[in-house]
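*Asks:* I have a structure here, written as structure tokens, and I will follow up with some questions on it.
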Amino acid sequence: GESVGLHLPTLSVQEGDNSIINCAYSNSASDYFIWYKQESGKGPQFIIDIRSNMDKRQGQRVTVLLNKTVKHLSLQIAATQPGDSAVYFCAESGDTPLVFGKGTRLSVIA
Amino acid sequence: KAGVTQTPRYLIKTRGQQVTLSCSPISGHRSVSWYQQTPGQGLQFLFEYFSETQRNKGNFPGRFSGRQFSNSRSEMNVSTLELGDSALYLCASRRTGRSEAFFGQGTRLTVV
């Protein structure tokens, strides 16, 4: 949903639990999607990507799911750790520059 | 392999001044994009350069400009600075148009 200023959507998760971060994208012509993690004071860091010819892709402890019918993307983090605390952004592109969502702040409770 | 390098990391400027920010992409990457990040607007696209040509431009006033050199290094310039230009400016490099973008640490610009 919309987020203004510091009022990013926030997800609080217990250490060791799984996290699911959701993102709705806007352009039905987008065919490439990326999830980024941004820690305080740093630039966004690539986590995982997926192309529109796939609906699921797995990495180390992370899985991205793509539902093109409803233009929805999700990032699943398994066994969430304190080091996963950050702001997570989804980004979409086609033959266009990357367009970023507003971000979700993930807080891991030890 | 060195990452994306942005200089300087921090800048304080006065309203009305101009500023130039620099970005060195990952070796072999020909695409460089610039983004402005603020708490209120998130990450907003400024422009993208590929092989010294501006390929895309975001919805920013003409005070924001950029260029790319033959070695793929890029600079962005903001003239007549306004208080609202205070932001984190991020540079990202990509190998091709449809590959992952790698970001630098950003330049934190404060306009007073």
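Just so we're on the same page: first chain in the structure tokens is A, next is B, and so on; residues restart at 1 for each chain, and ligands are numbered from 1 in the order they show up.
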With only C-alpha atoms considered, list every residue of chain A at most 10 Å from chain B, as a VMD selection string.

*Replies:* chain A and resid 3 to 8 31 to 36 41 to 51 89 91 93 to 103

*Asks:* Taking 6 positions as the minimum chain separation for residues in the same chain, which residues sit within 12 Å of A:Asn18 when counting only C-alpha atoms? Answer as a PyMOL selection string.

*Replies:* chain A and resi 11-12+61-63+75-81+84+106+108

*Asks:* Go ahead and write the residues just picked, C-alpha atoms, as an mmCIF file, in the first residue's frame.

*Replies:*
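Here's the written file part_20.cif:
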```cif
data_model
loop_
_atom_site.group_PDB
_atom_site.id
_atom_site.type_symbol
_atom_site.label_atom_id
_atom_site.label_comp_id
_atom_site.auth_asym_id
_atom_site.auth_seq_id
_atom_site.Cartn_x
_atom_site.Cartn_y
_atom_site.Cartn_z
ATOM 1 C CA LEU A 11 6.536 -6.370 9.126
ATOM 2 C CA SER A 12 7.720 -7.646 12.496
ATOM 3 C CA ARG A 61 16.860 -18.792 2.054
ATOM 4 C CA VAL A 62 14.791 -16.633 -0.296
ATOM 5 C CA THR A 63 12.010 -17.414 -2.745
ATOM 6 C CA LEU A 75 9.492 -12.401 -1.310
ATOM 7 C CA GLN A 76 9.708 -15.218 1.193
ATOM 8 C CA ILE A 77 12.628 -15.345 3.604
ATOM 9 C CA ALA A 78 13.109 -18.613 5.430
ATOM 10 C CA ALA A 79 14.366 -18.763 9.023
ATOM 11 C CA THR A 80 14.555 -14.982 9.357
ATOM 12 C CA GLN A 81 17.672 -13.708 11.112
ATOM 13 C CA ASP A 84 17.601 -9.569 7.641
ATOM 14 C CA LEU A 106 11.259 -5.780 8.100
ATOM 15 C CA VAL A 108 13.310 -9.110 13.295
#
```

*Asks:* Please extract the residues of stretch 31-75 of chain B with a backbone DSSP assignment of strand (DSSP E or B) and present them as a count of residues only.

*Replies:* 29

*Asks:* Excluding B:Gly16 and residues on its chain fewer than 6 positions from it, collect all residues at most 7 Å away from it, counting only C-alpha atoms, and give them as JSON, numbers by chain.

*Replies:* {"B": [80, 81, 82]}

*Asks:* Which stretch 6-53 of chain B residues have any atom within 6 Å of an atom of stretch 72-76 of chain B, and for each, what is the nearest pair of atoms with distance in Å to one decimal, counting only C-alpha atoms, rows sorted by chain and number, as a Markdown table?

*Replies:*
```
| residue | atom | partner | partner_atom | distance |
| --- | --- | --- | --- | --- |
| B:Thr20 | CA | B:Met76 | CA | 5.6 |
| B:Leu21 | CA | B:Met76 | CA | 5.3 |
| B:Ser22 | CA | B:Glu75 | CA | 4.5 |
| B:Cys23 | CA | B:Ser74 | CA | 5.2 |
| B:Ser24 | CA | B:Arg73 | CA | 4.6 |
| B:Arg30 | CA | B:Ser72 | CA | 5.7 |
```

*Asks:* Deliver the residues from the most recent selection as a file, using N, CA and C atoms, as an mmCIF file, in the first residue's frame.

*Replies:*
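So out-v5.cif came out as:
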```cif
data_model
loop_
_atom_site.group_PDB
_atom_site.id
_atom_site.type_symbol
_atom_site.label_atom_id
_atom_site.label_comp_id
_atom_site.auth_asym_id
_atom_site.auth_seq_id
_atom_site.Cartn_x
_atom_site.Cartn_y
_atom_site.Cartn_z
ATOM 1 N N THR B 20 27.872 18.672 -8.481
ATOM 2 C CA THR B 20 28.159 17.591 -9.415
ATOM 3 C C THR B 20 28.497 16.338 -8.624
ATOM 4 N N LEU B 21 27.801 15.260 -8.954
ATOM 5 C CA LEU B 21 28.026 13.978 -8.300
ATOM 6 C C LEU B 21 28.618 13.019 -9.318
ATOM 7 N N SER B 22 29.464 12.110 -8.841
ATOM 8 C CA SER B 22 30.165 11.209 -9.744
ATOM 9 C C SER B 22 29.854 9.751 -9.440
ATOM 10 N N CYS B 23 29.866 8.942 -10.493
ATOM 11 C CA CYS B 23 29.589 7.509 -10.349
ATOM 12 C C CYS B 23 30.505 6.715 -11.267
ATOM 13 N N SER B 24 31.185 5.747 -10.708
ATOM 14 C CA SER B 24 31.990 4.813 -11.510
ATOM 15 C C SER B 24 31.309 3.453 -11.468
ATOM 16 N N ARG B 30 27.751 -0.996 -19.073
ATOM 17 C CA ARG B 30 27.638 0.176 -19.927
ATOM 18 C C ARG B 30 26.421 1.050 -19.594
#
```

*Asks:* Which residues come within 7 Å of B:Val19, counting only C-alpha atoms, excluding same-chain residues fewer than 3 positions away, as a PDB file with N, CA, C and O atoms, in the first residue's frame?

*Replies:*
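The resulting file, selection_25.pdb, is shown below:
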```pdb
ATOM      1  N   ASN B  77      24.471  16.509 -12.470  1.00  0.00           N
ATOM      2  CA  ASN B  77      24.599  17.883 -12.034  1.00  0.00           C
ATOM      3  C   ASN B  77      23.226  18.416 -11.641  1.00  0.00           C
ATOM      4  O   ASN B  77      22.225  18.143 -12.319  1.00  0.00           O
ATOM      5  N   VAL B  78      23.193  19.129 -10.537  1.00  0.00           N
ATOM      6  CA  VAL B  78      21.960  19.816 -10.158  1.00  0.00           C
ATOM      7  C   VAL B  78      22.311  21.294 -10.017  1.00  0.00           C
ATOM      8  O   VAL B  78      23.212  21.655  -9.246  1.00  0.00           O
ATOM      9  N   SER B  79      21.624  22.121 -10.771  1.00  0.00           N
ATOM     10  CA  SER B  79      21.892  23.558 -10.700  1.00  0.00           C
ATOM     11  C   SER B  79      20.819  24.238  -9.859  1.00  0.00           C
ATOM     12  O   SER B  79      19.735  23.685  -9.622  1.00  0.00           O
TER      13      SER B  79
END
```

*Asks:* Quick one: residues within 7 Å of B:Ile26, only C-alpha atoms counted, chain neighbours fewer than 2 positions away excluded, as a VMD selection string?

*Replies:* chain B and resid 2 to 4 24 28 to 29 93

*Asks:* One decimal, in Å: what's the spacing between atom CA of A:His72 and atom CA of A:Glu92?

*Replies:* 10.9 Å

*Asks:* If I take atom CA of A:Lys71 and atom CA of A:Cys90, how far is one from the other in Å, to one decimal?

*Replies:*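 Rounded to one decimal, the two atoms are 12.1 Å apart.
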